[in-house]
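Okay, target07.pdb is below, PDB, C-alpha atoms, pLDDT in the B column:
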```pdb
ATOM      1  CA  MET Z   1      96.480  60.917  83.573  1.00 49.00           C
ATOM      2  CA  ILE Z   2      94.761  63.441  81.310  1.00 44.00           C
ATOM      3  CA  ARG Z   3      91.830  63.692  83.730  1.00 48.00           C
ATOM      4  CA  GLN Z   4      94.236  64.377  86.592  1.00 50.00           C
ATOM      5  CA  LYS Z   5      95.875  67.185  84.611  1.00 44.00           C
ATOM      6  CA  ILE Z   6      92.480  68.687  83.762  1.00 46.00           C
ATOM      7  CA  ARG Z   7      91.430  68.453  87.409  1.00 56.00           C
ATOM      8  CA  ARG Z   8      94.689  70.121  88.461  1.00 58.00           C
ATOM      9  CA  ILE Z   9      94.123  72.974  85.990  1.00 55.00           C
ATOM     10  CA  ASN Z  10      90.529  73.403  87.166  1.00 64.00           C
ATOM     11  CA  ASN Z  11      91.661  73.577  90.782  1.00 75.00           C
ATOM     12  CA  TYR Z  12      94.450  76.076  90.069  1.00 84.00           C
ATOM     13  CA  PRO Z  13      93.297  79.622  90.989  1.00 93.00           C
ATOM     14  CA  TRP Z  14      94.779  81.264  87.906  1.00 95.00           C
ATOM     15  CA  VAL Z  15      92.030  83.903  87.693  1.00 97.00           C
ATOM     16  CA  THR Z  16      92.964  85.079  91.186  1.00 98.00           C
ATOM     17  CA  TYR Z  17      96.620  85.295  90.208  1.00 97.00           C
ATOM     18  CA  LEU Z  18      95.732  87.166  87.013  1.00 97.00           C
ATOM     19  CA  LEU Z  19      93.648  89.690  88.959  1.00 98.00           C
ATOM     20  CA  LEU Z  20      96.493  90.209  91.420  1.00 98.00           C
ATOM     21  CA  PHE Z  21      98.944  90.648  88.560  1.00 98.00           C
ATOM     22  CA  VAL Z  22      96.797  93.363  86.954  1.00 98.00           C
ATOM     23  CA  MET Z  23      96.447  95.194  90.276  1.00 98.00           C
ATOM     24  CA  VAL Z  24     100.175  95.113  90.942  1.00 97.00           C
ATOM     25  CA  VAL Z  25     100.997  96.342  87.424  1.00 97.00           C
ATOM     26  CA  ILE Z  26      98.553  99.256  87.768  1.00 97.00           C
ATOM     27  CA  TYR Z  27      99.952 100.104  91.208  1.00 97.00           C
ATOM     28  CA  LEU Z  28     103.516 100.123  89.854  1.00 97.00           C
ATOM     29  CA  LEU Z  29     102.492 102.306  86.910  1.00 96.00           C
ATOM     30  CA  MET Z  30     100.823 104.744  89.284  1.00 96.00           C
ATOM     31  CA  THR Z  31     103.858 104.782  91.556  1.00 96.00           C
ATOM     32  CA  MET Z  32     106.150 105.589  88.634  1.00 94.00           C
ATOM     33  CA  ASN Z  33     103.820 108.280  87.289  1.00 92.00           C
ATOM     34  CA  GLY Z  34     103.048 110.509  90.228  1.00 89.00           C
ATOM     35  CA  GLY Z  35     102.203 108.142  93.072  1.00 92.00           C
ATOM     36  CA  SER Z  36      99.193 106.053  94.044  1.00 92.00           C
ATOM     37  CA  GLU Z  37      98.015 108.585  96.645  1.00 92.00           C
ATOM     38  CA  ASN Z  38      97.996 111.577  94.310  1.00 93.00           C
ATOM     39  CA  VAL Z  39      94.394 112.629  93.664  1.00 93.00           C
ATOM     40  CA  PHE Z  40      94.955 113.612  90.041  1.00 93.00           C
ATOM     41  CA  ASN Z  41      96.826 110.390  89.402  1.00 94.00           C
ATOM     42  CA  LEU Z  42      94.066 108.332  91.008  1.00 95.00           C
ATOM     43  CA  LEU Z  43      91.508 109.913  88.712  1.00 95.00           C
ATOM     44  CA  LYS Z  44      93.803 109.429  85.732  1.00 95.00           C
ATOM     45  CA  PHE Z  45      94.022 105.693  86.397  1.00 95.00           C
ATOM     46  CA  GLY Z  46      90.273 105.257  86.936  1.00 95.00           C
ATOM     47  CA  ALA Z  47      89.398 105.863  90.592  1.00 96.00           C
ATOM     48  CA  GLN Z  48      85.728 106.487  91.260  1.00 95.00           C
ATOM     49  CA  SER Z  49      84.460 110.048  91.303  1.00 95.00           C
ATOM     50  CA  ASN Z  50      80.700 110.385  91.657  1.00 94.00           C
ATOM     51  CA  GLN Z  51      80.605 113.591  89.663  1.00 94.00           C
ATOM     52  CA  LEU Z  52      82.602 112.092  86.802  1.00 96.00           C
ATOM     53  CA  VAL Z  53      80.303 109.062  86.725  1.00 96.00           C
ATOM     54  CA  ARG Z  54      77.329 111.431  86.494  1.00 95.00           C
ATOM     55  CA  ASP Z  55      79.122 113.180  83.643  1.00 94.00           C
ATOM     56  CA  GLY Z  56      79.036 109.939  81.680  1.00 94.00           C
ATOM     57  CA  GLN Z  57      82.241 108.179  82.711  1.00 96.00           C
ATOM     58  CA  TRP Z  58      80.375 104.997  83.669  1.00 95.00           C
ATOM     59  CA  TRP Z  59      83.542 102.885  83.439  1.00 96.00           C
ATOM     60  CA  ARG Z  60      84.573 104.372  86.784  1.00 96.00           C
ATOM     61  CA  LEU Z  61      82.151 101.893  88.319  1.00 97.00           C
ATOM     62  CA  ILE Z  62      84.516  99.146  87.069  1.00 97.00           C
ATOM     63  CA  THR Z  63      88.082 100.487  86.982  1.00 97.00           C
ATOM     64  CA  PRO Z  64      88.307 101.347  90.722  1.00 97.00           C
ATOM     65  CA  ILE Z  65      88.379  97.614  91.451  1.00 97.00           C
ATOM     66  CA  PHE Z  66      91.967  97.516  90.165  1.00 97.00           C
ATOM     67  CA  VAL Z  67      93.197 100.826  91.597  1.00 97.00           C
ATOM     68  CA  HIS Z  68      94.685 101.116  95.107  1.00 96.00           C
ATOM     69  CA  ILE Z  69      95.610 104.040  97.295  1.00 95.00           C
ATOM     70  CA  GLY Z  70      99.018 103.449  98.846  1.00 94.00           C
ATOM     71  CA  PHE Z  71     101.146 100.371  99.534  1.00 95.00           C
ATOM     72  CA  GLN Z  72      99.281  99.265 102.658  1.00 94.00           C
ATOM     73  CA  HIS Z  73      96.006  99.324 100.751  1.00 95.00           C
ATOM     74  CA  ILE Z  74      97.145  96.999  97.968  1.00 96.00           C
ATOM     75  CA  LEU Z  75      99.081  94.794 100.395  1.00 97.00           C
ATOM     76  CA  ILE Z  76      96.091  94.074 102.640  1.00 95.00           C
ATOM     77  CA  ASN Z  77      93.678  93.641  99.750  1.00 96.00           C
ATOM     78  CA  GLY Z  78      96.169  91.518  97.833  1.00 97.00           C
ATOM     79  CA  ILE Z  79      96.778  89.114 100.718  1.00 96.00           C
ATOM     80  CA  THR Z  80      93.046  88.804 101.421  1.00 96.00           C
ATOM     81  CA  LEU Z  81      92.251  88.176  97.756  1.00 97.00           C
ATOM     82  CA  TYR Z  82      95.036  85.608  97.511  1.00 97.00           C
ATOM     83  CA  TYR Z  83      93.676  83.462 100.343  1.00 95.00           C
ATOM     84  CA  LEU Z  84      90.014  83.905  99.450  1.00 96.00           C
ATOM     85  CA  GLY Z  85      90.685  83.170  95.791  1.00 96.00           C
ATOM     86  CA  LYS Z  86      92.589  79.972  96.560  1.00 95.00           C
ATOM     87  CA  LEU Z  87      89.633  78.818  98.641  1.00 95.00           C
ATOM     88  CA  ILE Z  88      86.661  79.925  96.513  1.00 95.00           C
ATOM     89  CA  GLU Z  89      87.804  79.776  92.883  1.00 95.00           C
ATOM     90  CA  PRO Z  90      88.280  75.963  92.754  1.00 93.00           C
ATOM     91  CA  ILE Z  91      84.811  75.498  94.281  1.00 91.00           C
ATOM     92  CA  VAL Z  92      82.802  77.745  91.963  1.00 92.00           C
ATOM     93  CA  GLY Z  93      84.967  77.497  88.852  1.00 92.00           C
ATOM     94  CA  HIS Z  94      87.035  80.092  87.007  1.00 94.00           C
ATOM     95  CA  LEU Z  95      84.346  81.856  84.969  1.00 94.00           C
ATOM     96  CA  ARG Z  96      81.812  81.935  87.806  1.00 94.00           C
ATOM     97  CA  TYR Z  97      84.495  83.219  90.155  1.00 96.00           C
ATOM     98  CA  PHE Z  98      85.411  86.023  87.747  1.00 97.00           C
ATOM     99  CA  ILE Z  99      81.746  86.977  87.325  1.00 97.00           C
ATOM    100  CA  ILE Z 100      81.213  87.038  91.098  1.00 97.00           C
ATOM    101  CA  PHE Z 101      84.336  89.136  91.604  1.00 98.00           C
ATOM    102  CA  MET Z 102      83.463  91.709  88.935  1.00 98.00           C
ATOM    103  CA  VAL Z 103      79.743  91.979  89.727  1.00 98.00           C
ATOM    104  CA  SER Z 104      80.538  92.361  93.431  1.00 98.00           C
ATOM    105  CA  GLY Z 105      83.014  95.143  92.710  1.00 97.00           C
ATOM    106  CA  ILE Z 106      80.551  96.949  90.458  1.00 98.00           C
ATOM    107  CA  CYS Z 107      77.746  96.608  93.025  1.00 98.00           C
ATOM    108  CA  GLY Z 108      80.016  98.009  95.722  1.00 97.00           C
ATOM    109  CA  ASN Z 109      80.980 100.951  93.526  1.00 97.00           C
ATOM    110  CA  LEU Z 110      77.316 101.521  92.662  1.00 97.00           C
ATOM    111  CA  MET Z 111      76.326 101.737  96.320  1.00 97.00           C
ATOM    112  CA  SER Z 112      79.237 104.094  96.907  1.00 96.00           C
ATOM    113  CA  PHE Z 113      78.004 106.112  93.912  1.00 96.00           C
ATOM    114  CA  ALA Z 114      74.490 106.218  95.377  1.00 95.00           C
ATOM    115  CA  LEU Z 115      75.313 106.953  99.012  1.00 94.00           C
ATOM    116  CA  GLY Z 116      79.002 107.847  99.369  1.00 89.00           C
ATOM    117  CA  ASN Z 117      81.086 110.914  98.696  1.00 86.00           C
ATOM    118  CA  GLY Z 118      84.564 111.679  97.462  1.00 83.00           C
ATOM    119  CA  ILE Z 119      87.067 109.606  95.532  1.00 89.00           C
ATOM    120  CA  SER Z 120      87.193 105.870  96.151  1.00 93.00           C
ATOM    121  CA  ALA Z 121      89.179 102.921  94.831  1.00 95.00           C
ATOM    122  CA  GLY Z 122      90.248  99.415  95.757  1.00 95.00           C
ATOM    123  CA  SER Z 123      89.369  95.766  95.281  1.00 96.00           C
ATOM    124  CA  SER Z 124      87.767  95.519  98.723  1.00 96.00           C
ATOM    125  CA  THR Z 125      84.319  95.975  97.145  1.00 96.00           C
ATOM    126  CA  ALA Z 126      84.879  92.762  95.179  1.00 97.00           C
ATOM    127  CA  ILE Z 127      86.596  91.036  98.101  1.00 97.00           C
ATOM    128  CA  PHE Z 128      83.587  91.632 100.348  1.00 97.00           C
ATOM    129  CA  GLY Z 129      81.542  90.092  97.541  1.00 97.00           C
ATOM    130  CA  LEU Z 130      83.645  86.941  97.810  1.00 97.00           C
ATOM    131  CA  PHE Z 131      82.796  86.786 101.510  1.00 96.00           C
ATOM    132  CA  GLY Z 132      79.137  87.056 100.534  1.00 95.00           C
ATOM    133  CA  ALA Z 133      79.588  84.334  97.932  1.00 95.00           C
ATOM    134  CA  PHE Z 134      80.985  81.973 100.523  1.00 95.00           C
ATOM    135  CA  LEU Z 135      77.622  82.096 102.303  1.00 92.00           C
ATOM    136  CA  MET Z 136      76.130  80.497  99.193  1.00 89.00           C
ATOM    137  CA  ILE Z 137      78.817  77.825  99.348  1.00 90.00           C
ATOM    138  CA  ALA Z 138      78.008  77.250 103.013  1.00 91.00           C
ATOM    139  CA  PHE Z 139      74.330  76.954 102.079  1.00 85.00           C
ATOM    140  CA  GLN Z 140      75.162  74.220  99.566  1.00 83.00           C
ATOM    141  CA  TYR Z 141      77.590  72.397 101.880  1.00 85.00           C
ATOM    142  CA  ARG Z 142      75.824  73.065 105.174  1.00 82.00           C
ATOM    143  CA  GLY Z 143      76.596  69.537 106.322  1.00 81.00           C
ATOM    144  CA  ASN Z 144      80.348  70.148 106.038  1.00 86.00           C
ATOM    145  CA  ASP Z 145      81.876  71.207 109.380  1.00 87.00           C
ATOM    146  CA  PHE Z 146      84.840  73.015 107.802  1.00 89.00           C
ATOM    147  CA  VAL Z 147      82.664  75.051 105.449  1.00 88.00           C
ATOM    148  CA  ARG Z 148      80.201  75.888 108.213  1.00 89.00           C
ATOM    149  CA  SER Z 149      82.893  77.032 110.656  1.00 91.00           C
ATOM    150  CA  THR Z 150      84.701  79.000 107.927  1.00 92.00           C
ATOM    151  CA  ALA Z 151      81.452  80.749 106.974  1.00 91.00           C
ATOM    152  CA  LYS Z 152      80.906  81.763 110.609  1.00 91.00           C
ATOM    153  CA  THR Z 153      84.459  83.132 110.770  1.00 91.00           C
ATOM    154  CA  PHE Z 154      83.928  85.117 107.559  1.00 92.00           C
ATOM    155  CA  VAL Z 155      80.646  86.604 108.804  1.00 91.00           C
ATOM    156  CA  LEU Z 156      82.343  87.666 112.034  1.00 92.00           C
ATOM    157  CA  PHE Z 157      85.216  89.161 110.031  1.00 90.00           C
ATOM    158  CA  VAL Z 158      82.789  91.138 107.845  1.00 92.00           C
ATOM    159  CA  VAL Z 159      80.862  92.457 110.860  1.00 92.00           C
ATOM    160  CA  ILE Z 160      84.056  93.524 112.641  1.00 91.00           C
ATOM    161  CA  ASN Z 161      85.298  95.258 109.498  1.00 89.00           C
ATOM    162  CA  LEU Z 162      82.031  97.113 108.987  1.00 89.00           C
ATOM    163  CA  VAL Z 163      82.071  98.309 112.603  1.00 90.00           C
ATOM    164  CA  PHE Z 164      85.681  99.390 112.095  1.00 86.00           C
ATOM    165  CA  ASP Z 165      84.633 101.205 108.905  1.00 84.00           C
ATOM    166  CA  ILE Z 166      82.075 103.284 110.802  1.00 85.00           C
ATOM    167  CA  PHE Z 167      84.704 104.776 113.088  1.00 80.00           C
ATOM    168  CA  THR Z 168      87.501 105.120 110.505  1.00 79.00           C
ATOM    169  CA  PRO Z 169      87.576 108.250 108.322  1.00 78.00           C
ATOM    170  CA  GLY Z 170      88.130 107.713 104.614  1.00 76.00           C
ATOM    171  CA  ILE Z 171      86.841 104.117 104.515  1.00 84.00           C
ATOM    172  CA  ASP Z 172      84.095 103.469 101.962  1.00 87.00           C
ATOM    173  CA  ILE Z 173      81.647 101.457 104.054  1.00 92.00           C
ATOM    174  CA  TYR Z 174      78.966 101.711 101.381  1.00 94.00           C
ATOM    175  CA  GLY Z 175      81.283 100.047  98.880  1.00 95.00           C
ATOM    176  CA  HIS Z 176      81.899  97.183 101.301  1.00 96.00           C
ATOM    177  CA  ILE Z 177      78.205  96.658 102.039  1.00 96.00           C
ATOM    178  CA  GLY Z 178      77.236  96.866  98.367  1.00 97.00           C
ATOM    179  CA  GLY Z 179      79.974  94.433  97.397  1.00 97.00           C
ATOM    180  CA  PHE Z 180      78.925  91.925 100.065  1.00 97.00           C
ATOM    181  CA  ILE Z 181      75.261  92.017  99.046  1.00 97.00           C
ATOM    182  CA  GLY Z 182      76.107  91.883  95.356  1.00 97.00           C
ATOM    183  CA  GLY Z 183      78.415  88.905  95.842  1.00 97.00           C
ATOM    184  CA  TYR Z 184      75.790  87.061  97.864  1.00 96.00           C
ATOM    185  CA  LEU Z 185      73.076  87.579  95.243  1.00 96.00           C
ATOM    186  CA  VAL Z 186      75.136  86.881  92.112  1.00 96.00           C
ATOM    187  CA  SER Z 187      76.653  83.727  93.595  1.00 94.00           C
ATOM    188  CA  PHE Z 188      73.190  82.175  93.816  1.00 91.00           C
ATOM    189  CA  VAL Z 189      72.595  83.137  90.188  1.00 92.00           C
ATOM    190  CA  VAL Z 190      75.788  81.604  88.767  1.00 90.00           C
ATOM    191  CA  GLY Z 191      76.001  78.700  91.220  1.00 83.00           C
ATOM    192  CA  LEU Z 192      78.825  76.204  91.651  1.00 78.00           C
ATOM    193  CA  ARG Z 193      80.814  74.030  89.280  1.00 69.00           C
ATOM    194  CA  GLN Z 194      78.435  71.252  90.260  1.00 63.00           C
ATOM    195  CA  ASN Z 195      74.697  71.667  89.734  1.00 58.00           C
ATOM    196  CA  ILE Z 196      73.356  74.046  92.347  1.00 58.00           C
ATOM    197  CA  ASN Z 197      70.347  72.815  94.315  1.00 62.00           C
ATOM    198  CA  LEU Z 198      68.116  75.787  93.504  1.00 68.00           C
ATOM    199  CA  ASN Z 199      65.123  75.721  91.216  1.00 74.00           C
ATOM    200  CA  LYS Z 200      64.832  78.134  88.317  1.00 82.00           C
ATOM    201  CA  ILE Z 201      62.267  80.328  90.059  1.00 86.00           C
ATOM    202  CA  MET Z 202      64.550  80.797  93.065  1.00 83.00           C
ATOM    203  CA  ARG Z 203      67.548  81.644  90.868  1.00 87.00           C
ATOM    204  CA  LEU Z 204      65.398  84.040  88.863  1.00 92.00           C
ATOM    205  CA  SER Z 205      64.324  85.785  92.070  1.00 93.00           C
ATOM    206  CA  TYR Z 206      67.960  86.355  93.050  1.00 94.00           C
ATOM    207  CA  ALA Z 207      68.758  87.649  89.562  1.00 95.00           C
ATOM    208  CA  THR Z 208      65.740  89.981  89.690  1.00 97.00           C
ATOM    209  CA  ALA Z 209      66.745  91.320  93.095  1.00 97.00           C
ATOM    210  CA  LEU Z 210      70.269  91.934  91.814  1.00 97.00           C
ATOM    211  CA  ILE Z 211      69.120  93.778  88.699  1.00 97.00           C
ATOM    212  CA  ILE Z 212      66.581  95.894  90.608  1.00 97.00           C
ATOM    213  CA  GLY Z 213      69.242  96.787  93.185  1.00 97.00           C
ATOM    214  CA  ILE Z 214      71.674  97.845  90.454  1.00 97.00           C
ATOM    215  CA  ILE Z 215      69.035 100.024  88.768  1.00 97.00           C
ATOM    216  CA  ILE Z 216      68.019 101.675  92.048  1.00 96.00           C
ATOM    217  CA  MET Z 217      71.606 102.410  93.086  1.00 96.00           C
ATOM    218  CA  TYR Z 218      72.464 103.879  89.700  1.00 96.00           C
ATOM    219  CA  TYR Z 219      69.311 106.029  89.754  1.00 96.00           C
ATOM    220  CA  LEU Z 220      69.978 107.296  93.272  1.00 95.00           C
ATOM    221  CA  GLY Z 221      73.561 108.185  92.361  1.00 95.00           C
ATOM    222  CA  SER Z 222      72.493 109.927  89.174  1.00 94.00           C
ATOM    223  CA  VAL Z 223      69.929 112.235  90.807  1.00 91.00           C
ATOM    224  CA  ARG Z 224      72.012 113.295  93.811  1.00 78.00           C
TER
END
```

Show how you would write the structure in this file as structure tokens.
Amino acid sequence: MIRQKIRRINNYPWVTYLLLFVMVVIYLLMTMNGGSENVFNLLKFGAQSNQLVRDGQWWRLITPIFVHIGFQHILINGITLYYLGKLIEPIVGHLRYFIIFMVSGICGNLMSFALGNGISAGSSTAIFGLFGAFLMIAFQYRGNDFVRSTAKTFVLFVVINLVFDIFTPGIDIYGHIGGFIGGYLVSFVVGLRQNINLNKIMRLSYATALIIGIIIMYYLGSVR
């Protein structure tokens, strides 16, 4: 009975729900204090501004994950995060899931900092990282038909979205690409709730690639 309760708690995606709660609260606060599409308000609540990051406000590589621009933005991201979180969080575990989510978001914001322009915000950087993380899951469960077919669907979804990003003004494609790559790399570092079938050298190589990528992106953004 106790084991069943523990298993139920472990399988409950409470980190996903907590992340959604924080995003909704911030969106409501923004709406009540000038609107979520007001540029000054966006900056006040932590949206990314490359110049401000260069001026030392490094936390703007983190806070944009929880800031959204308009109702449609938070609605689409919220629904996507809800379904992805329910699928991925029970597989990788709560702490690993949170690490993947945050590192993906930061990597996406770093690539936007290095290559993008203007103000950006949204959890899509981290969400694309979750898509990348699912490729690691598919690698571990490559004999599972459901996981394999789901991974193919996710890859197609990512490709379609990136193509859509190219032709849509105002979409931060660099943030999406950076988040996807970051999520893919960090997921191999943290692994699954079960022991991941990667040797230490292979995990170290993924960690090294992740760290080098972060350093390069931050350097490129700083010298622009």

inquiry  = To one decimal place in Å, what is the distance between CA of Gly34 (chain Z) and CA of His73 (chain Z)?
reply    = 16.9 Å

Atomic distance CA of Ile127 (chain Z) - CA of Tyr219 (chain Z), expressed in Å with one decimal = 24.4 Å

Shortest interatomic distance to Gly132 (chain Z) - which of Z:Phe101, Z:Phe157, Z:Phe146, Z:Phe180, counting only C-alpha atoms = Z:Phe180

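We find CA of Asp55 (chain Z) and CA of Asn109 (chain Z) to be spaced 15.8 Å apart.
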
Selection: 10 Å around Leu95 (chain Z), only C-alpha atoms, excl. self and same-chain fewer than 5 positions, as an mmCIF file with C-alpha atoms, in the coordinates of the input:
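The resulting file, part00.cif, is reproduced below:
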```
data_model
loop_
_atom_site.group_PDB
_atom_site.id
_atom_site.type_symbol
_atom_site.label_atom_id
_atom_site.label_comp_id
_atom_site.auth_asym_id
_atom_site.auth_seq_id
_atom_site.Cartn_x
_atom_site.Cartn_y
_atom_site.Cartn_z
ATOM 1 C CA VAL Z 15 92.030 83.903 87.693
ATOM 2 C CA GLU Z 89 87.804 79.776 92.883
ATOM 3 C CA ILE Z 100 81.213 87.038 91.098
ATOM 4 C CA PHE Z 101 84.336 89.136 91.604
ATOM 5 C CA VAL Z 190 75.788 81.604 88.767
ATOM 6 C CA ARG Z 193 80.814 74.030 89.280
#
```

Contact table region 21-83 of chain Z vs region 114-124 of chain Z, cut-off 9 Å, shortest pair per residue, all atoms listed in the file, as JSON lines:
```
{"residue": "Z:Met23", "atom": "CA", "partner": "Z:Ser123", "partner_atom": "CA", "distance": 8.7}
{"residue": "Z:Val39", "atom": "CA", "partner": "Z:Ile119", "partner_atom": "CA", "distance": 8.1}
{"residue": "Z:Leu42", "atom": "CA", "partner": "Z:Ala121", "partner_atom": "CA", "distance": 8.2}
{"residue": "Z:Leu43", "atom": "CA", "partner": "Z:Ile119", "partner_atom": "CA", "distance": 8.1}
{"residue": "Z:Gly46", "atom": "CA", "partner": "Z:Ala121", "partner_atom": "CA", "distance": 8.3}
{"residue": "Z:Ala47", "atom": "CA", "partner": "Z:Ala121", "partner_atom": "CA", "distance": 5.2}
{"residue": "Z:Gln48", "atom": "CA", "partner": "Z:Ser120", "partner_atom": "CA", "distance": 5.1}
{"residue": "Z:Ser49", "atom": "CA", "partner": "Z:Ile119", "partner_atom": "CA", "distance": 5.0}
{"residue": "Z:Asn50", "atom": "CA", "partner": "Z:Asn117", "partner_atom": "CA", "distance": 7.1}
{"residue": "Z:Gln51", "atom": "CA", "partner": "Z:Gly118", "partner_atom": "CA", "distance": 9.0}
{"residue": "Z:Thr63", "atom": "CA", "partner": "Z:Ala121", "partner_atom": "CA", "distance": 8.3}
{"residue": "Z:Pro64", "atom": "CA", "partner": "Z:Ala121", "partner_atom": "CA", "distance": 4.5}
{"residue": "Z:Ile65", "atom": "CA", "partner": "Z:Ser123", "partner_atom": "CA", "distance": 4.4}
{"residue": "Z:Phe66", "atom": "CA", "partner": "Z:Ser123", "partner_atom": "CA", "distance": 6.0}
{"residue": "Z:Val67", "atom": "CA", "partner": "Z:Gly122", "partner_atom": "CA", "distance": 5.3}
{"residue": "Z:His68", "atom": "CA", "partner": "Z:Gly122", "partner_atom": "CA", "distance": 4.8}
{"residue": "Z:Ile69", "atom": "CA", "partner": "Z:Ala121", "partner_atom": "CA", "distance": 7.0}
{"residue": "Z:His73", "atom": "CA", "partner": "Z:Gly122", "partner_atom": "CA", "distance": 7.6}
{"residue": "Z:Ile74", "atom": "CA", "partner": "Z:Gly122", "partner_atom": "CA", "distance": 7.6}
{"residue": "Z:Asn77", "atom": "CA", "partner": "Z:Ser124", "partner_atom": "CA", "distance": 6.3}
{"residue": "Z:Gly78", "atom": "CA", "partner": "Z:Ser123", "partner_atom": "CA", "distance": 8.4}
{"residue": "Z:Thr80", "atom": "CA", "partner": "Z:Ser124", "partner_atom": "CA", "distance": 9.0}
{"residue": "Z:Leu81", "atom": "CA", "partner": "Z:Ser123", "partner_atom": "CA", "distance": 8.5}
```

Let's have the selection written as a PDB file, in the frame of the given file, with C-alpha atoms.
```pdb
ATOM      1  CA  MET Z  23      96.447  95.194  90.276  1.00 98.00           C
ATOM      2  CA  VAL Z  39      94.394 112.629  93.664  1.00 93.00           C
ATOM      3  CA  LEU Z  42      94.066 108.332  91.008  1.00 95.00           C
ATOM      4  CA  LEU Z  43      91.508 109.913  88.712  1.00 95.00           C
ATOM      5  CA  GLY Z  46      90.273 105.257  86.936  1.00 95.00           C
ATOM      6  CA  ALA Z  47      89.398 105.863  90.592  1.00 96.00           C
ATOM      7  CA  GLN Z  48      85.728 106.487  91.260  1.00 95.00           C
ATOM      8  CA  SER Z  49      84.460 110.048  91.303  1.00 95.00           C
ATOM      9  CA  ASN Z  50      80.700 110.385  91.657  1.00 94.00           C
ATOM     10  CA  GLN Z  51      80.605 113.591  89.663  1.00 94.00           C
ATOM     11  CA  THR Z  63      88.082 100.487  86.982  1.00 97.00           C
ATOM     12  CA  PRO Z  64      88.307 101.347  90.722  1.00 97.00           C
ATOM     13  CA  ILE Z  65      88.379  97.614  91.451  1.00 97.00           C
ATOM     14  CA  PHE Z  66      91.967  97.516  90.165  1.00 97.00           C
ATOM     15  CA  VAL Z  67      93.197 100.826  91.597  1.00 97.00           C
ATOM     16  CA  HIS Z  68      94.685 101.116  95.107  1.00 96.00           C
ATOM     17  CA  ILE Z  69      95.610 104.040  97.295  1.00 95.00           C
ATOM     18  CA  HIS Z  73      96.006  99.324 100.751  1.00 95.00           C
ATOM     19  CA  ILE Z  74      97.145  96.999  97.968  1.00 96.00           C
ATOM     20  CA  ASN Z  77      93.678  93.641  99.750  1.00 96.00           C
ATOM     21  CA  GLY Z  78      96.169  91.518  97.833  1.00 97.00           C
ATOM     22  CA  THR Z  80      93.046  88.804 101.421  1.00 96.00           C
ATOM     23  CA  LEU Z  81      92.251  88.176  97.756  1.00 97.00           C
TER      24      LEU Z  81
END
```

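This file, queried with the PyMOL selection byres ((chain Z and resi 85) around 9), gives the residues Pro13, Val15, Thr16, Tyr17, Thr80, Leu81, Tyr82, Tyr83, Leu84, Lys86, Leu87, Ile88, Glu89, Pro90, Tyr97 and Leu130 of chain Z.
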
Given the selection you just returned, output its residues as a file containing C-alpha atoms, formatted as an mmCIF file, in the frame of the given file.
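File result10.cif, as written:
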```
data_model
loop_
_atom_site.group_PDB
_atom_site.id
_atom_site.type_symbol
_atom_site.label_atom_id
_atom_site.label_comp_id
_atom_site.auth_asym_id
_atom_site.auth_seq_id
_atom_site.Cartn_x
_atom_site.Cartn_y
_atom_site.Cartn_z
ATOM 1 C CA PRO Z 13 93.297 79.622 90.989
ATOM 2 C CA VAL Z 15 92.030 83.903 87.693
ATOM 3 C CA THR Z 16 92.964 85.079 91.186
ATOM 4 C CA TYR Z 17 96.620 85.295 90.208
ATOM 5 C CA THR Z 80 93.046 88.804 101.421
ATOM 6 C CA LEU Z 81 92.251 88.176 97.756
ATOM 7 C CA TYR Z 82 95.036 85.608 97.511
ATOM 8 C CA TYR Z 83 93.676 83.462 100.343
ATOM 9 C CA LEU Z 84 90.014 83.905 99.450
ATOM 10 C CA LYS Z 86 92.589 79.972 96.560
ATOM 11 C CA LEU Z 87 89.633 78.818 98.641
ATOM 12 C CA ILE Z 88 86.661 79.925 96.513
ATOM 13 C CA GLU Z 89 87.804 79.776 92.883
ATOM 14 C CA PRO Z 90 88.280 75.963 92.754
ATOM 15 C CA TYR Z 97 84.495 83.219 90.155
ATOM 16 C CA LEU Z 130 83.645 86.941 97.810
#
```

task = Starting from the displayed file, determine the output of the PyMOL selection byres ((chain Z and resi 162) around 10) and express the residue list as a VMD selection string.
result = chain Z and resid 156 to 161 163 to 168 171 to 174 176 to 177

Store the residues picked out above, limited to C-alpha atoms, as a tab-separated table (two decimals), in the coordinates of the input.
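File out_18.tsv, as written:
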```
chain	number	residue	atom	x	y	z
Z	156	LEU	CA	82.34	87.67	112.03
Z	157	PHE	CA	85.22	89.16	110.03
Z	158	VAL	CA	82.79	91.14	107.84
Z	159	VAL	CA	80.86	92.46	110.86
Z	160	ILE	CA	84.06	93.52	112.64
Z	161	ASN	CA	85.30	95.26	109.50
Z	163	VAL	CA	82.07	98.31	112.60
Z	164	PHE	CA	85.68	99.39	112.10
Z	165	ASP	CA	84.63	101.20	108.90
Z	166	ILE	CA	82.08	103.28	110.80
Z	167	PHE	CA	84.70	104.78	113.09
Z	168	THR	CA	87.50	105.12	110.50
Z	171	ILE	CA	86.84	104.12	104.52
Z	172	ASP	CA	84.10	103.47	101.96
Z	173	ILE	CA	81.65	101.46	104.05
Z	174	TYR	CA	78.97	101.71	101.38
Z	176	HIS	CA	81.90	97.18	101.30
Z	177	ILE	CA	78.20	96.66	102.04
```

message = Can you tell me which residues surround Phe139 (chain Z) at a distance of at most 12 Å, considering only C-alpha atoms, apart from same-chain residues fewer than 3 positions away, and format the answer as a count of residues only?
response = 21

ask   = Near Gly179 (chain Z), within 8 Å and counting only C-alpha atoms, which residues show up once chain neighbours fewer than 6 positions away are dropped, as a list in words?
value =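 Returned residues: Ser104, Gly105, Ile106, Cys107, Gly108, Asn109, Ser124, Thr125, Ala126, Ile127, Phe128 and Gly129 of chain Z.
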
ask   = Quick one: of Z:Val22, Z:Val186, Z:Leu52, Z:Met217, who's nearest to Arg203 (chain Z), counting all atoms listed in the file?
value =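 Nearest candidate to Arg203 (chain Z) out of Z:Val22, Z:Val186, Z:Leu52, Z:Met217: Z:Val186.
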